[in-house]
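What follows is a short report on a single structure.
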Amino acid sequence: MAKKDPTDLSVEEKLKTLFQLQTALSAIDEKKALRGELPLEVEDLEAEIEGLTTRIDRIKAEIDEFQRAISQKKGEIIEANATVERYKQQLNDVRNNREFDTLSKEIEFQSLEIELCNKKISEANRRIDEKSVELDGAAAILEEKQGDLDVKKSELDEIMDETRTEEEKLREKAHELEAKIEPRLLTSFKRIRKNARNGLGIVYVQRDACGGCFNKIPPQRQLDIKMHKKIIVCEYCGRILIDPELAGVKVDKPAGEEKKGRRRSTGARKSAASKKATDANDMA
């Protein structure tokens with residue numbers, strides 16, 4: 001059987017299909033609502049963990065750099081000590097005061113270099129201690145966040161497992177319904193739905209008002225909606241309007257109408273009683 005062209009559908013069929021699509025999409029929204037803020041919380045925790053991991057790697061790199069600097073300074077101290085010993089031995093063989101002064105200055109210079117290297121080593125060790133404390137703190141926070149992430153992911157996976165099959169069926173149904181709707185109308189519906197706070201793009205008339213924004217609909221417009229001759233949107237919120245009966249929704253009559261009906265019935269009974277009394281009098 002040839003597939004019916006969406007543009008060949010009557011307005012009534014288009015409205016029915018749109019409402020069925022809305023029902024399926026609303027059901028999907030409800031499934032998503034069950035997850036609550038969990039997906040966002042998981043994303044936030046993953047971002048925090050990524051940031052902490054980067055921070056830990058940076059701290060480790062800084063510690064390694066300080067340790068390399070310490071090794072370098074220790075090497076310089078060894079060289080300086082060797083130079084000092086060599087110069088001290090040369091002092092025994094000096095021939096004049098000038099050579100003695102030169103060697104003494106070199107020994108003094110090398111001693112200052114050793115002192116400076118030791119100072120830099122102490123500073124580097126102090127920084128390593130600080131960075132180690134910072135590293136331990138970041139690692140503890142990372143472990144805590146990772147634990148929170150595991151719990152949140154477990155909760156999310158559990159909810160997803162419960163709703164996955166049903167949600168997939170709903171998505172498949174929604175996809176089939178979308179194929180039946182002409183592209184221009186479908187695009188308009190999706191745009192309306194996206195801008196609507198509750199995600200409703202098509203609503204039925206409830207108590208003479210729009211089912212989306214609850215503003216009153218004039219009687220003539222309600223009549224046009226029931227005629228199914230054209231697609232009508234709410235002049236206040238822009239949602240597509242559909243007759244409740246066409247949407248398959250049973251709407252109870254307002255209490256006021258029932259009371260009026262009861263009054264008419266009571267009045268009719270009274271009229272009937274009065275008529276009987278009059279007939280009885282005439283017969284007498």
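All residue names refer to the structure tokens as shown: chains lettered A, B, ... in order, residues numbered from 1 in each chain, ligands numbered from 1 in order.
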Report the residues of segment 20-239 of chain A whose backbone DSSP state falls under helix (DSSP H, G or I), written as a VMD selection string. chain A and resid 20 to 35 38 to 91 97 to 179 183 to 195 219 to 227
What are the closest atom pairs, with distances in Å to one decimal, for all residues of segment 86-202 of chain A lying within 12 Å of segment 217-237 of chain A? Consider only C-alpha atoms, order rows by chain and residue number, and present the result as a tab-separated table.
residue	atom	partner	partner_atom	distance
A:Leu185	CA	A:Ile231	CA	9.8
A:Ser188	CA	A:Val233	CA	11.1
A:Phe189	CA	A:Val233	CA	10.6
A:Ile192	CA	A:Cys237	CA	9.0
A:Arg193	CA	A:Cys237	CA	10.9
A:Asn195	CA	A:Cys237	CA	9.6
A:Ala196	CA	A:Cys237	CA	8.2
A:Arg197	CA	A:Cys237	CA	10.5
A:Asn198	CA	A:Cys237	CA	11.9
A:Leu200	CA	A:Cys237	CA	10.6
A:Gly201	CA	A:Val233	CA	9.8
A:Ile202	CA	A:Val233	CA	8.5
Could you save those same residues with N, CA and C atoms as a PDB file, in the first residue's frame?
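File result.pdb, as written:
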ATOM      1  N   LEU A 185       4.590  22.211   8.939  1.00  0.00           N
ATOM      2  CA  LEU A 185       3.770  22.162  10.145  1.00  0.00           C
ATOM      3  C   LEU A 185       4.565  21.582  11.309  1.00  0.00           C
ATOM      4  N   SER A 188       6.925  24.197  12.678  1.00  0.00           N
ATOM      5  CA  SER A 188       6.195  25.187  13.481  1.00  0.00           C
ATOM      6  C   SER A 188       5.843  24.611  14.847  1.00  0.00           C
ATOM      7  N   PHE A 189       5.388  23.355  14.854  1.00  0.00           N
ATOM      8  CA  PHE A 189       5.023  22.690  16.106  1.00  0.00           C
ATOM      9  C   PHE A 189       6.229  22.593  17.044  1.00  0.00           C
ATOM     10  N   ILE A 192       7.051  26.001  18.498  1.00  0.00           N
ATOM     11  CA  ILE A 192       6.100  26.368  19.555  1.00  0.00           C
ATOM     12  C   ILE A 192       6.412  25.586  20.828  1.00  0.00           C
ATOM     13  N   ARG A 193       6.664  24.294  20.653  1.00  0.00           N
ATOM     14  CA  ARG A 193       6.960  23.419  21.799  1.00  0.00           C
ATOM     15  C   ARG A 193       8.246  23.839  22.513  1.00  0.00           C
ATOM     16  N   ASN A 195       9.520  26.846  22.678  1.00  0.00           N
ATOM     17  CA  ASN A 195       9.327  28.120  23.376  1.00  0.00           C
ATOM     18  C   ASN A 195       8.362  28.006  24.551  1.00  0.00           C
ATOM     19  N   ALA A 196       7.569  26.916  24.570  1.00  0.00           N
ATOM     20  CA  ALA A 196       6.598  26.736  25.651  1.00  0.00           C
ATOM     21  C   ALA A 196       7.298  26.238  26.906  1.00  0.00           C
ATOM     22  N   ARG A 197       6.948  26.811  28.042  1.00  0.00           N
ATOM     23  CA  ARG A 197       7.610  26.467  29.298  1.00  0.00           C
ATOM     24  C   ARG A 197       7.372  24.999  29.675  1.00  0.00           C
ATOM     25  N   ASN A 198       6.152  24.495  29.431  1.00  0.00           N
ATOM     26  CA  ASN A 198       5.830  23.117  29.797  1.00  0.00           C
ATOM     27  C   ASN A 198       5.994  22.136  28.639  1.00  0.00           C
ATOM     28  N   LEU A 200       4.453  22.038  25.782  1.00  0.00           N
ATOM     29  CA  LEU A 200       3.220  21.713  25.065  1.00  0.00           C
ATOM     30  C   LEU A 200       3.087  22.600  23.831  1.00  0.00           C
ATOM     31  N   GLY A 201       3.028  21.951  22.660  1.00  0.00           N
ATOM     32  CA  GLY A 201       2.886  22.702  21.415  1.00  0.00           C
ATOM     33  C   GLY A 201       1.463  22.709  20.912  1.00  0.00           C
ATOM     34  N   ILE A 202       0.668  21.720  21.370  1.00  0.00           N
ATOM     35  CA  ILE A 202      -0.748  21.639  20.994  1.00  0.00           C
ATOM     36  C   ILE A 202      -1.535  21.275  22.243  1.00  0.00           C
TER      37      ILE A 202
END
Nearest-residue call for Val151 of chain A, choices A:Asp29, A:Glu13, A:Glu41, A:Glu123, using only C-alpha atoms: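 Once distances to Val151 of chain A are computed over only C-alpha atoms, the minimum belongs to A:Glu41.
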Which is closer to Glu143 of chain A than all the others in A:Gly36, A:His175, A:Glu245, A:Ile49, using only C-alpha atoms?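 So, comparing all the options, the nearest one is A:Ile49.
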